[in-house]
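J.: Take a look at this one; I'll ask things after.
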Amino acid sequence: MRILGIEGTAWAASAAVFETDDPDALRSGTDRAPDPASDHVFIESNPYQPDSGGIHPREAAEHMSNAIPEVVETALAHAAERHDGDGPIVDGVAFSQGPGLGPCLRIVGTAARSVAQTLDVPLLGTNHMVAHLEIGRYQSGFESPVCLNASGANAHLLGYHNGRYRVLGETMDTGVGNSIDKFTRHVGWTHPGGPKVEQAAKDGSYIDMPYVVKGMDFSFSGIMSAAKDEADDGTPVEDICVGLQETIFGMLTEVAERALSLTGTDELVLGGGVGQNARLREMLAEMCEQRGAKFHAPEPRFLRDNAGMIAVLGARMLAAGDTLPVSESQVNPNFRPDQVEVTWRGARES
Ligand code: ATP
């Protein structure tokens with residue numbers, strides 16, 4: 001099975017080809033597990049880089065309309081090279097149906113529909129946040145992990161129960177990466193801010209910041225205001241970066257631990273662009289080690305937005321017969337992970 005994946009929810013115009021000789025292994029409940037070592041993933045991405053400020057939806061959509069055709073063409077050329085025999089060069093076209101920026105999603109949806117219809121292959125509508133989880137599950141071989149999605153526009157814990165990925169805890173305001181980016185814009189750094197905070201924190205000392213966890217949910221708006229105030233008061237920016245990282249990642253780690261405890265699961269996977277941060281991975285790995293749980297963080301190219309994870313989830317969906325009629329393929333900027341009926345896992349799996 002060979003799947004084309006297309007991603008473009010916000011900043012990454014990306015297309016990928018995922019190929020496996022053992023599609024049945026992609027469905028849970030069979031006697032085999034997927035073998036990432038023998039499968040093949042090719043990813044071509046073209047990121048949108050704002051000249052100033054943060055991600056501007058209209059500019060991001062312009063970027064998608066220029067870059068999506070190019071990355072799709074490259075991915076399809078790659079698929080054609082690997083194709084030997086009759087029939088279409090891919091067996092299905094998977095795309096991010098949401099959540100994300102509406103103007104960007106519409107371009108991705110149009111591209112996916114066009115390619116699927118031209119090649120006469122099924123369309124596979126994926127939820128971008130479920131894809132962040134499933135790439136970790138696929139790579140780790142974990143059966144039923146809890147997932148911490150720490151991305152730009154989102155922050156939540158997901159766990160599987162009764163046919164859906166349930167949101168166990170989530171941000172009450174902004175996404176975790178977006179909140180860090182707001183602070184870095186305030187101090188005049190270019191987008192994205194996360195990597196710059198990680199770098200600056202290497203030279204700083206810890207300062208206290210507001211730590212806001214309410215039950216299973218967290219809030220980042222207070223800490224952002226506090227960080228901006230500290231900068232305006234002349235606190236060294238390196239110290240603020242240490243305070244930010246330790247506090248925000250401490251909040252994420254606390255709720256991740258509670259999710260493991262509440263679900264009784266001993267497997268944690270990480271998803272999302274903020275997961276590229278070594279300090280966050282270190283804190284999560286330490287917490288898992290202390291409680292005897294297993295932890296998996298995909299490599300950076302599969303953590304930040306990428307079409308590889310879309311293609312892998314699309315392959316799971318195609319193996320389960322979960323295809324999307326073009327007439328129902330409208331995008332959904334607010335598509336929540338718990339709206340997805342998880343067809344590729346056994347119905348009675350808890
Ligand atoms: P979503 O997946 O919710 O749609 P997104 O489209 O914004 O999110 P991602 O690629 O998941 O995209 O994450 C991008 C975010 O990751 C940005 O906010 C960026 O600042 C942050 N980020 C990237 N690298 C790091 C890092 N090393 N440390 C902290 N944050 C980082």
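In the structure tokens, each chain is lettered A, B, ... as it comes, each chain's residues begin at 1, and ligands are numbered from 1 in order of appearance.
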Output as JSON lines one row per residue of chain A within 9 Å of ligand 1: the closest atom pair and its distance in Å to one decimal place, counting only C-alpha atoms and all ligand atoms, sorted by chain and residue number ascending.
T.:
{"residue": "A:Gly8", "atom": "CA", "partner": "ligand 1", "partner_atom_place_in_ligand_line": "6 (O)", "distance": 8.3}
{"residue": "A:Thr9", "atom": "CA", "partner": "ligand 1", "partner_atom_place_in_ligand_line": "4 (O)", "distance": 6.0}
{"residue": "A:Ala10", "atom": "CA", "partner": "ligand 1", "partner_atom_place_in_ligand_line": "6 (O)", "distance": 4.8}
{"residue": "A:Trp11", "atom": "CA", "partner": "ligand 1", "partner_atom_place_in_ligand_line": "6 (O)", "distance": 6.1}
{"residue": "A:Ala12", "atom": "CA", "partner": "ligand 1", "partner_atom_place_in_ligand_line": "6 (O)", "distance": 7.4}
{"residue": "A:Ile55", "atom": "CA", "partner": "ligand 1", "partner_atom_place_in_ligand_line": "7 (O)", "distance": 8.8}
{"residue": "A:Gly98", "atom": "CA", "partner": "ligand 1", "partner_atom_place_in_ligand_line": "4 (O)", "distance": 8.4}
{"residue": "A:Pro99", "atom": "CA", "partner": "ligand 1", "partner_atom_place_in_ligand_line": "4 (O)", "distance": 6.7}
{"residue": "A:Gly100", "atom": "CA", "partner": "ligand 1", "partner_atom_place_in_ligand_line": "4 (O)", "distance": 5.7}
{"residue": "A:Leu101", "atom": "CA", "partner": "ligand 1", "partner_atom_place_in_ligand_line": "4 (O)", "distance": 8.5}
{"residue": "A:His128", "atom": "CA", "partner": "ligand 1", "partner_atom_place_in_ligand_line": "2 (O)", "distance": 6.8}
{"residue": "A:Met129", "atom": "CA", "partner": "ligand 1", "partner_atom_place_in_ligand_line": "2 (O)", "distance": 6.4}
{"residue": "A:His132", "atom": "CA", "partner": "ligand 1", "partner_atom_place_in_ligand_line": "2 (O)", "distance": 7.4}
{"residue": "A:Asn149", "atom": "CA", "partner": "ligand 1", "partner_atom_place_in_ligand_line": "2 (O)", "distance": 7.9}
{"residue": "A:Ala150", "atom": "CA", "partner": "ligand 1", "partner_atom_place_in_ligand_line": "11 (O)", "distance": 7.0}
{"residue": "A:Ser151", "atom": "CA", "partner": "ligand 1", "partner_atom_place_in_ligand_line": "11 (O)", "distance": 3.8}
{"residue": "A:Gly152", "atom": "CA", "partner": "ligand 1", "partner_atom_place_in_ligand_line": "7 (O)", "distance": 3.1}
{"residue": "A:Ala153", "atom": "CA", "partner": "ligand 1", "partner_atom_place_in_ligand_line": "3 (O)", "distance": 3.8}
{"residue": "A:Asn154", "atom": "CA", "partner": "ligand 1", "partner_atom_place_in_ligand_line": "3 (O)", "distance": 4.3}
{"residue": "A:Ala155", "atom": "CA", "partner": "ligand 1", "partner_atom_place_in_ligand_line": "3 (O)", "distance": 7.4}
{"residue": "A:Gly175", "atom": "CA", "partner": "ligand 1", "partner_atom_place_in_ligand_line": "3 (O)", "distance": 7.1}
{"residue": "A:Val176", "atom": "CA", "partner": "ligand 1", "partner_atom_place_in_ligand_line": "18 (O)", "distance": 7.0}
{"residue": "A:Gly177", "atom": "CA", "partner": "ligand 1", "partner_atom_place_in_ligand_line": "18 (O)", "distance": 3.3}
{"residue": "A:Asn178", "atom": "CA", "partner": "ligand 1", "partner_atom_place_in_ligand_line": "18 (O)", "distance": 4.7}
{"residue": "A:Ser179", "atom": "CA", "partner": "ligand 1", "partner_atom_place_in_ligand_line": "18 (O)", "distance": 7.4}
{"residue": "A:Ile180", "atom": "CA", "partner": "ligand 1", "partner_atom_place_in_ligand_line": "20 (O)", "distance": 6.4}
{"residue": "A:Asp181", "atom": "CA", "partner": "ligand 1", "partner_atom_place_in_ligand_line": "20 (O)", "distance": 5.5}
{"residue": "A:Lys182", "atom": "CA", "partner": "ligand 1", "partner_atom_place_in_ligand_line": "18 (O)", "distance": 8.9}
{"residue": "A:Thr184", "atom": "CA", "partner": "ligand 1", "partner_atom_place_in_ligand_line": "20 (O)", "distance": 9.0}
{"residue": "A:His191", "atom": "CA", "partner": "ligand 1", "partner_atom_place_in_ligand_line": "20 (O)", "distance": 7.0}
{"residue": "A:Pro192", "atom": "CA", "partner": "ligand 1", "partner_atom_place_in_ligand_line": "20 (O)", "distance": 4.3}
{"residue": "A:Gly193", "atom": "CA", "partner": "ligand 1", "partner_atom_place_in_ligand_line": "20 (O)", "distance": 4.5}
{"residue": "A:Gly194", "atom": "CA", "partner": "ligand 1", "partner_atom_place_in_ligand_line": "30 (N)", "distance": 3.3}
{"residue": "A:Pro195", "atom": "CA", "partner": "ligand 1", "partner_atom_place_in_ligand_line": "27 (N)", "distance": 3.8}
{"residue": "A:Lys196", "atom": "CA", "partner": "ligand 1", "partner_atom_place_in_ligand_line": "27 (N)", "distance": 7.3}
{"residue": "A:Val197", "atom": "CA", "partner": "ligand 1", "partner_atom_place_in_ligand_line": "28 (N)", "distance": 6.7}
{"residue": "A:Glu198", "atom": "CA", "partner": "ligand 1", "partner_atom_place_in_ligand_line": "28 (N)", "distance": 5.4}
{"residue": "A:Gln199", "atom": "CA", "partner": "ligand 1", "partner_atom_place_in_ligand_line": "27 (N)", "distance": 8.0}
{"residue": "A:Gln245", "atom": "CA", "partner": "ligand 1", "partner_atom_place_in_ligand_line": "29 (C)", "distance": 8.2}
{"residue": "A:Gly271", "atom": "CA", "partner": "ligand 1", "partner_atom_place_in_ligand_line": "11 (O)", "distance": 7.5}
{"residue": "A:Gly272", "atom": "CA", "partner": "ligand 1", "partner_atom_place_in_ligand_line": "11 (O)", "distance": 3.8}
{"residue": "A:Gly273", "atom": "CA", "partner": "ligand 1", "partner_atom_place_in_ligand_line": "13 (O)", "distance": 3.3}
{"residue": "A:Val274", "atom": "CA", "partner": "ligand 1", "partner_atom_place_in_ligand_line": "30 (N)", "distance": 3.7}
{"residue": "A:Gly275", "atom": "CA", "partner": "ligand 1", "partner_atom_place_in_ligand_line": "26 (C)", "distance": 6.8}
{"residue": "A:Gln276", "atom": "CA", "partner": "ligand 1", "partner_atom_place_in_ligand_line": "27 (N)", "distance": 4.8}
{"residue": "A:Asn277", "atom": "CA", "partner": "ligand 1", "partner_atom_place_in_ligand_line": "27 (N)", "distance": 3.9}
{"residue": "A:Ala278", "atom": "CA", "partner": "ligand 1", "partner_atom_place_in_ligand_line": "27 (N)", "distance": 7.0}
{"residue": "A:Arg279", "atom": "CA", "partner": "ligand 1", "partner_atom_place_in_ligand_line": "28 (N)", "distance": 8.3}
{"residue": "A:Leu280", "atom": "CA", "partner": "ligand 1", "partner_atom_place_in_ligand_line": "28 (N)", "distance": 8.1}
{"residue": "A:Pro300", "atom": "CA", "partner": "ligand 1", "partner_atom_place_in_ligand_line": "24 (N)", "distance": 8.7}
{"residue": "A:Leu303", "atom": "CA", "partner": "ligand 1", "partner_atom_place_in_ligand_line": "11 (O)", "distance": 6.6}
{"residue": "A:Arg304", "atom": "CA", "partner": "ligand 1", "partner_atom_place_in_ligand_line": "10 (O)", "distance": 3.5}
{"residue": "A:Asp305", "atom": "CA", "partner": "ligand 1", "partner_atom_place_in_ligand_line": "10 (O)", "distance": 4.0}
{"residue": "A:Asn306", "atom": "CA", "partner": "ligand 1", "partner_atom_place_in_ligand_line": "10 (O)", "distance": 7.6}
J.: Save out the residues we just selected, N, CA and C atoms, as a short mmCIF file (atom, residue, chain, number, x, y, z; two decimals), in the first residue's frame.
T.:
data_model
loop_
_atom_site.label_atom_id
_atom_site.label_comp_id
_atom_site.auth_asym_id
_atom_site.auth_seq_id
_atom_site.Cartn_x
_atom_site.Cartn_y
_atom_site.Cartn_z
N GLY A 8 -1.22 21.03 5.58
CA GLY A 8 -1.08 22.47 5.40
C GLY A 8 -2.05 23.19 6.32
N THR A 9 -2.03 22.84 7.60
CA THR A 9 -3.00 23.43 8.54
C THR A 9 -2.63 24.85 8.95
N ALA A 10 -1.32 25.18 8.92
CA ALA A 10 -0.91 26.52 9.38
C ALA A 10 0.34 27.02 8.65
N TRP A 11 1.47 26.39 8.87
CA TRP A 11 2.72 26.96 8.35
C TRP A 11 3.50 26.00 7.45
N ALA A 12 3.28 24.69 7.59
CA ALA A 12 4.08 23.74 6.81
C ALA A 12 3.28 23.25 5.61
N ILE A 55 2.02 34.13 12.57
CA ILE A 55 1.43 33.57 11.35
C ILE A 55 0.21 34.39 10.96
N GLY A 98 -8.58 19.18 9.34
CA GLY A 98 -8.64 20.14 10.43
C GLY A 98 -8.06 19.50 11.68
N PRO A 99 -7.86 20.24 12.77
CA PRO A 99 -8.09 21.67 12.92
C PRO A 99 -6.95 22.47 12.28
N GLY A 100 -7.22 23.74 12.05
CA GLY A 100 -6.21 24.61 11.47
C GLY A 100 -6.84 25.88 10.94
N LEU A 101 -6.05 26.64 10.19
CA LEU A 101 -6.53 27.91 9.63
C LEU A 101 -7.41 27.63 8.41
N HIS A 128 -5.75 16.28 12.16
CA HIS A 128 -4.34 16.62 12.33
C HIS A 128 -3.81 16.25 13.72
N MET A 129 -4.62 16.43 14.76
CA MET A 129 -4.16 16.14 16.12
C MET A 129 -4.10 14.63 16.37
N HIS A 132 -0.88 13.51 14.92
CA HIS A 132 0.25 13.73 15.83
C HIS A 132 0.37 12.55 16.81
N ASN A 149 -0.06 16.16 23.26
CA ASN A 149 0.13 16.98 22.07
C ASN A 149 0.52 18.39 22.51
N ALA A 150 1.78 18.73 22.32
CA ALA A 150 2.28 20.07 22.68
C ALA A 150 2.67 20.75 21.38
N SER A 151 1.72 21.45 20.80
CA SER A 151 1.97 22.02 19.48
C SER A 151 1.79 23.54 19.53
N GLY A 152 1.79 24.16 18.35
CA GLY A 152 1.65 25.61 18.30
C GLY A 152 0.29 26.05 18.78
N ALA A 153 -0.75 25.55 18.09
CA ALA A 153 -2.10 26.04 18.34
C ALA A 153 -2.86 25.21 19.36
N ASN A 154 -2.26 24.14 19.87
CA ASN A 154 -2.99 23.25 20.78
C ASN A 154 -2.13 22.84 21.96
N ALA A 155 -2.76 22.27 22.95
CA ALA A 155 -2.09 21.61 24.07
C ALA A 155 -3.14 20.73 24.72
N GLY A 175 -2.79 27.90 22.67
CA GLY A 175 -1.93 26.74 22.50
C GLY A 175 -0.59 27.02 23.15
N VAL A 176 0.16 25.95 23.48
CA VAL A 176 1.40 26.16 24.22
C VAL A 176 2.46 26.87 23.37
N GLY A 177 2.62 26.45 22.12
CA GLY A 177 3.62 27.10 21.26
C GLY A 177 3.25 28.54 20.95
N ASN A 178 1.96 28.76 20.68
CA ASN A 178 1.51 30.12 20.37
C ASN A 178 1.79 31.07 21.54
N SER A 179 1.64 30.57 22.76
CA SER A 179 1.88 31.45 23.91
C SER A 179 3.36 31.80 24.01
N ILE A 180 4.23 30.82 23.75
CA ILE A 180 5.68 31.12 23.77
C ILE A 180 6.00 32.12 22.65
N ASP A 181 5.39 31.91 21.48
CA ASP A 181 5.65 32.81 20.34
C ASP A 181 5.18 34.25 20.63
N LYS A 182 4.10 34.37 21.42
CA LYS A 182 3.60 35.72 21.75
C LYS A 182 4.65 36.46 22.59
N THR A 184 7.91 35.88 22.61
CA THR A 184 9.12 36.20 21.82
C THR A 184 8.86 37.36 20.85
N HIS A 191 9.55 34.88 14.31
CA HIS A 191 8.81 33.63 14.43
C HIS A 191 9.59 32.49 13.76
N PRO A 192 9.59 31.29 14.30
CA PRO A 192 8.96 30.85 15.55
C PRO A 192 9.86 31.09 16.75
N GLY A 193 9.22 31.35 17.89
CA GLY A 193 9.98 31.73 19.08
C GLY A 193 10.52 30.55 19.88
N GLY A 194 9.85 29.39 19.79
CA GLY A 194 10.20 28.26 20.64
C GLY A 194 11.69 27.90 20.62
N PRO A 195 12.28 27.72 19.42
CA PRO A 195 13.69 27.34 19.38
C PRO A 195 14.59 28.41 19.99
N LYS A 196 14.18 29.69 19.88
CA LYS A 196 15.01 30.78 20.42
C LYS A 196 14.94 30.79 21.95
N VAL A 197 13.76 30.46 22.49
CA VAL A 197 13.63 30.36 23.94
C VAL A 197 14.50 29.21 24.45
N GLU A 198 14.48 28.10 23.74
CA GLU A 198 15.29 26.94 24.16
C GLU A 198 16.78 27.32 24.18
N GLN A 199 17.21 28.03 23.15
CA GLN A 199 18.61 28.43 23.05
C GLN A 199 18.98 29.41 24.17
N GLN A 245 10.24 27.94 30.45
CA GLN A 245 10.38 26.52 30.12
C GLN A 245 10.06 25.63 31.32
N GLY A 271 3.63 14.50 20.95
CA GLY A 271 3.36 14.99 19.60
C GLY A 271 3.44 16.51 19.59
N GLY A 272 3.65 17.10 18.39
CA GLY A 272 3.60 18.55 18.26
C GLY A 272 4.97 19.21 18.26
N GLY A 273 5.01 20.39 17.64
CA GLY A 273 6.27 21.10 17.42
C GLY A 273 7.02 21.47 18.69
N VAL A 274 6.32 21.75 19.79
CA VAL A 274 7.00 22.10 21.04
C VAL A 274 7.75 20.87 21.58
N GLY A 275 7.31 19.70 21.14
CA GLY A 275 7.99 18.46 21.54
C GLY A 275 9.43 18.38 21.04
N GLN A 276 9.80 19.29 20.13
CA GLN A 276 11.20 19.33 19.68
C GLN A 276 12.13 19.84 20.77
N ASN A 277 11.56 20.42 21.82
CA ASN A 277 12.35 21.00 22.90
C ASN A 277 12.95 19.90 23.79
N ALA A 278 14.28 19.92 23.89
CA ALA A 278 14.98 18.85 24.63
C ALA A 278 14.61 18.85 26.11
N ARG A 279 14.40 20.04 26.69
CA ARG A 279 14.08 20.10 28.12
C ARG A 279 12.72 19.46 28.41
N LEU A 280 11.73 19.70 27.52
CA LEU A 280 10.42 19.08 27.70
C LEU A 280 10.55 17.56 27.61
N PRO A 300 12.32 14.98 15.40
CA PRO A 300 11.74 16.29 15.11
C PRO A 300 10.93 16.37 13.81
N LEU A 303 7.56 15.44 14.63
CA LEU A 303 6.90 16.14 15.74
C LEU A 303 6.24 17.42 15.24
N ARG A 304 7.03 18.25 14.54
CA ARG A 304 6.44 19.47 13.97
C ARG A 304 5.47 19.04 12.86
N ASP A 305 4.66 19.99 12.38
CA ASP A 305 3.69 19.66 11.34
C ASP A 305 4.41 19.03 10.15
N ASN A 306 3.87 17.92 9.67
CA ASN A 306 4.50 17.21 8.54
C ASN A 306 3.46 16.30 7.91
#
J.: Enumerate, as a count of residues only, the complete set of residues in region 74-225 of chain A that a backbone-based DSSP assignment places in strand (DSSP E or B).
T.: 36
J.: Please list as a PyMOL selection string every residue within 8 Å of Ala227 (chain A), counting only C-alpha atoms and excluding residues in the same chain fewer than 6 positions away.
T.: chain A and resi 183+209+240+244
J.: If you keep N, CA and C atoms, can you produce a file of those selected residues as a tab-separated table (two decimals), in the first residue's frame?
T.:
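Saved result, result.tsv, follows:
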chain	number	residue	atom	x	y	z
A	183	PHE	N	5.26	35.73	23.53
A	183	PHE	CA	6.29	36.36	24.36
A	183	PHE	C	7.48	36.77	23.49
A	209	MET	N	7.44	31.85	37.93
A	209	MET	CA	6.39	32.27	36.99
A	209	MET	C	5.06	31.67	37.47
A	240	ILE	N	14.11	34.78	32.00
A	240	ILE	CA	12.66	34.60	31.73
A	240	ILE	C	12.46	33.31	30.93
A	244	LEU	N	10.08	30.34	31.97
A	244	LEU	CA	9.00	29.91	31.07
A	244	LEU	C	9.07	28.41	30.83
J.: Residues near region 325-339 of chain A, anyone? I mean within 9 Å using only C-alpha atoms, not counting same-chain ones fewer than 5 positions away, as a list in words.
T.: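 So, after excluding close chain neighbours, the residues are Thr9, Ser96, Gln97, Gly98, Pro99, Gly100, Leu101, Gly102, Leu105, Arg106, Val108, Gly109, Arg113, Gln117, Pro122, Leu123, Leu124, Gly125, Asn127, His128, Met129, Val130, Leu158, Arg164, Tyr165, Arg166 and Val167 of chain A.
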J.: Please, which residues of region 59-261 of chain A, numbered as in this document, come out alpha helix (DSSP H) from DSSP, as a ChimeraX atom specification?
T.: /A:59-82,102-119,128-140,176-186,194-201,221-232,237-261
J.: For the selection just defined, write its residues with C-alpha atoms to a file, as a JSON list (two decimals), in the first residue's frame.
T.:
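The result, stored in part_24.json:
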[["chain", "number", "residue", "atom", "x", "y", "z"],
["A", 59, "GLU", "CA", -0.21, 35.21, 3.95],
["A", 60, "ALA", "CA", -0.10, 31.59, 5.13],
["A", 61, "ALA", "CA", -2.86, 30.71, 2.63],
["A", 62, "GLU", "CA", -0.93, 32.46, -0.16],
["A", 63, "HIS", "CA", 2.08, 30.39, 0.81],
["A", 64, "MET", "CA", -0.03, 27.20, 0.67],
["A", 65, "SER", "CA", -1.41, 28.04, -2.76],
["A", 66, "ASN", "CA", 2.16, 28.44, -4.11],
["A", 67, "ALA", "CA", 3.88, 25.67, -2.20],
["A", 68, "ILE", "CA", 1.31, 22.84, -2.01],
["A", 69, "PRO", "CA", 1.35, 22.11, -5.79],
["A", 70, "GLU", "CA", 5.17, 21.98, -5.70],
["A", 71, "VAL", "CA", 5.48, 19.63, -2.72],
["A", 72, "VAL", "CA", 2.68, 17.39, -4.05],
["A", 73, "GLU", "CA", 4.40, 17.19, -7.43],
["A", 74, "THR", "CA", 7.69, 16.19, -5.78],
["A", 75, "ALA", "CA", 5.99, 13.55, -3.62],
["A", 76, "LEU", "CA", 4.09, 12.13, -6.59],
["A", 77, "ALA", "CA", 7.31, 11.97, -8.63],
["A", 78, "HIS", "CA", 8.83, 9.99, -5.75],
["A", 79, "ALA", "CA", 5.80, 7.66, -5.66],
["A", 80, "ALA", "CA", 6.08, 7.17, -9.43],
["A", 81, "GLU", "CA", 9.73, 6.14, -9.08],
["A", 82, "ARG", "CA", 8.77, 3.44, -6.55],
["A", 102, "GLY", "CA", -9.59, 27.83, 7.35],
["A", 103, "PRO", "CA", -7.99, 29.54, 4.32],
["A", 104, "CYS", "CA", -5.03, 27.11, 4.45],
["A", 105, "LEU", "CA", -7.19, 24.03, 4.99],
["A", 106, "ARG", "CA", -9.35, 24.86, 1.99],
["A", 107, "ILE", "CA", -6.31, 24.88, -0.30],
["A", 108, "VAL", "CA", -5.13, 21.54, 1.07],
["A", 109, "GLY", "CA", -8.63, 20.06, 0.69],
["A", 110, "THR", "CA", -8.88, 21.24, -2.91],
["A", 111, "ALA", "CA", -5.47, 19.79, -3.75],
["A", 112, "ALA", "CA", -6.31, 16.43, -2.13],
["A", 113, "ARG", "CA", -9.67, 16.16, -3.92],
["A", 114, "SER", "CA", -8.09, 17.02, -7.28],
["A", 115, "VAL", "CA", -5.30, 14.43, -6.97],
["A", 116, "ALA", "CA", -7.65, 11.71, -5.66],
["A", 117, "GLN", "CA", -10.14, 12.29, -8.44],
["A", 118, "THR", "CA", -7.47, 12.51, -11.15],
["A", 119, "LEU", "CA", -5.89, 9.23, -10.02],
["A", 128, "HIS", "CA", -4.34, 16.62, 12.33],
["A", 129, "MET", "CA", -4.16, 16.14, 16.12],
["A", 130, "VAL", "CA", -4.99, 12.43, 15.89],
["A", 131, "ALA", "CA", -2.20, 12.20, 13.29],
["A", 132, "HIS", "CA", 0.25, 13.73, 15.83],
["A", 133, "LEU", "CA", -0.74, 10.89, 18.20],
["A", 134, "GLU", "CA", -0.80, 8.07, 15.66],
["A", 135, "ILE", "CA", 2.72, 8.73, 14.34],
["A", 136, "GLY", "CA", 4.02, 8.17, 17.89],
["A", 137, "ARG", "CA", 1.91, 5.04, 18.31],
["A", 138, "TYR", "CA", 3.09, 3.70, 14.94],
["A", 139, "GLN", "CA", 6.78, 4.36, 15.62],
["A", 140, "SER", "CA", 6.81, 3.14, 19.23],
["A", 176, "VAL", "CA", 1.40, 26.16, 24.22],
["A", 177, "GLY", "CA", 3.62, 27.10, 21.26],
["A", 178, "ASN", "CA", 1.51, 30.12, 20.37],
["A", 179, "SER", "CA", 1.88, 31.45, 23.91],
["A", 180, "ILE", "CA", 5.68, 31.12, 23.77],
["A", 181, "ASP", "CA", 5.65, 32.81, 20.34],
["A", 182, "LYS", "CA", 3.60, 35.72, 21.75],
["A", 183, "PHE", "CA", 6.29, 36.36, 24.36],
["A", 184, "THR", "CA", 9.12, 36.20, 21.82],
["A", 185, "ARG", "CA", 7.30, 38.64, 19.53],
["A", 186, "HIS", "CA", 7.06, 41.01, 22.51],
["A", 194, "GLY", "CA", 10.20, 28.26, 20.64],
["A", 195, "PRO", "CA", 13.69, 27.34, 19.38],
["A", 196, "LYS", "CA", 15.01, 30.78, 20.42],
["A", 197, "VAL", "CA", 13.63, 30.36, 23.94],
["A", 198, "GLU", "CA", 15.29, 26.94, 24.16],
["A", 199, "GLN", "CA", 18.61, 28.43, 23.05],
["A", 200, "ALA", "CA", 18.44, 31.48, 25.35],
["A", 201, "ALA", "CA", 17.47, 29.33, 28.37],
["A", 221, "SER", "CA", -2.23, 33.39, 29.36],
["A", 222, "GLY", "CA", -1.16, 34.47, 32.88],
["A", 223, "ILE", "CA", 2.38, 33.23, 32.44],
["A", 224, "MET", "CA", 2.66, 35.08, 29.14],
["A", 225, "SER", "CA", 1.58, 38.36, 30.68],
["A", 226, "ALA", "CA", 4.02, 37.77, 33.57],
["A", 227, "ALA", "CA", 6.85, 37.02, 31.12],
["A", 228, "LYS", "CA", 6.13, 40.20, 29.15],
["A", 229, "ASP", "CA", 6.02, 42.24, 32.39],
["A", 230, "GLU", "CA", 9.37, 40.77, 33.49],
["A", 231, "ALA", "CA", 10.89, 41.77, 30.14],
["A", 232, "ASP", "CA", 9.47, 45.30, 30.45],
["A", 237, "VAL", "CA", 15.51, 37.58, 28.89],
["A", 238, "GLU", "CA", 17.58, 34.40, 29.39],
["A", 239, "ASP", "CA", 16.23, 34.12, 32.96],
["A", 240, "ILE", "CA", 12.66, 34.60, 31.73],
["A", 241, "CYS", "CA", 13.21, 31.84, 29.17],
["A", 242, "VAL", "CA", 14.34, 29.44, 31.92],
["A", 243, "GLY", "CA", 11.31, 30.38, 34.04],
["A", 244, "LEU", "CA", 9.00, 29.91, 31.07],
["A", 245, "GLN", "CA", 10.38, 26.52, 30.12],
["A", 246, "GLU", "CA", 10.50, 25.11, 33.64],
["A", 247, "THR", "CA", 7.01, 26.34, 34.49],
["A", 248, "ILE", "CA", 5.18, 25.52, 31.26],
["A", 249, "PHE", "CA", 6.84, 22.14, 30.82],
["A", 250, "GLY", "CA", 6.31, 21.37, 34.51],
["A", 251, "MET", "CA", 2.58, 21.98, 33.99],
["A", 252, "LEU", "CA", 2.49, 19.72, 30.93],
["A", 253, "THR", "CA", 4.45, 17.02, 32.74],
["A", 254, "GLU", "CA", 2.19, 17.14, 35.81],
["A", 255, "VAL", "CA", -0.97, 16.68, 33.73],
["A", 256, "ALA", "CA", 0.67, 13.99, 31.58],
["A", 257, "GLU", "CA", 1.54, 12.08, 34.75],
["A", 258, "ARG", "CA", -1.98, 12.45, 36.08],
["A", 259, "ALA", "CA", -3.38, 11.19, 32.75],
["A", 260, "LEU", "CA", -1.17, 8.09, 33.00],
["A", 261, "SER", "CA", -2.29, 7.57, 36.56]]
J.: Quick check, in Å to one decimal: how far apart do CA of Val187 (chain A) and CA of Arg281 (chain A) lie?
T.: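 Between CA of Val187 (chain A) and CA of Arg281 (chain A) the gap is 25.6 Å.
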J.: When distances are computed from only C-alpha atoms, which of A:Val340, A:Cys147, A:Val41, A:Ala315 shows the smallest separation from Thr265 (chain A)?
T.: A:Cys147
J.: So, with only C-alpha atoms as the atoms that count, which of A:Asp233, A:Lys202, A:Asp217, A:Val146 lies closest to Cys288 (chain A)?
T.: A:Val146
J.: Which of these, A:Asp266, A:Glu282, A:Glu7, A:Glu341, has the shortest distance to Pro145 (chain A) once you count only C-alpha atoms?
T.: A:Asp266
J.: Point out the residue among A:Pro298, A:Gly54, A:Gly264, A:Pro23 with the least atom-to-atom distance to Ala320 (chain A), counting only C-alpha atoms.
T.: A:Pro23
J.: What gap, in Å, lies between CA of Thr171 (chain A) and CA of His156 (chain A)?
T.: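 Pair CA of Thr171 (chain A) / CA of His156 (chain A) returns 6.4 Å.
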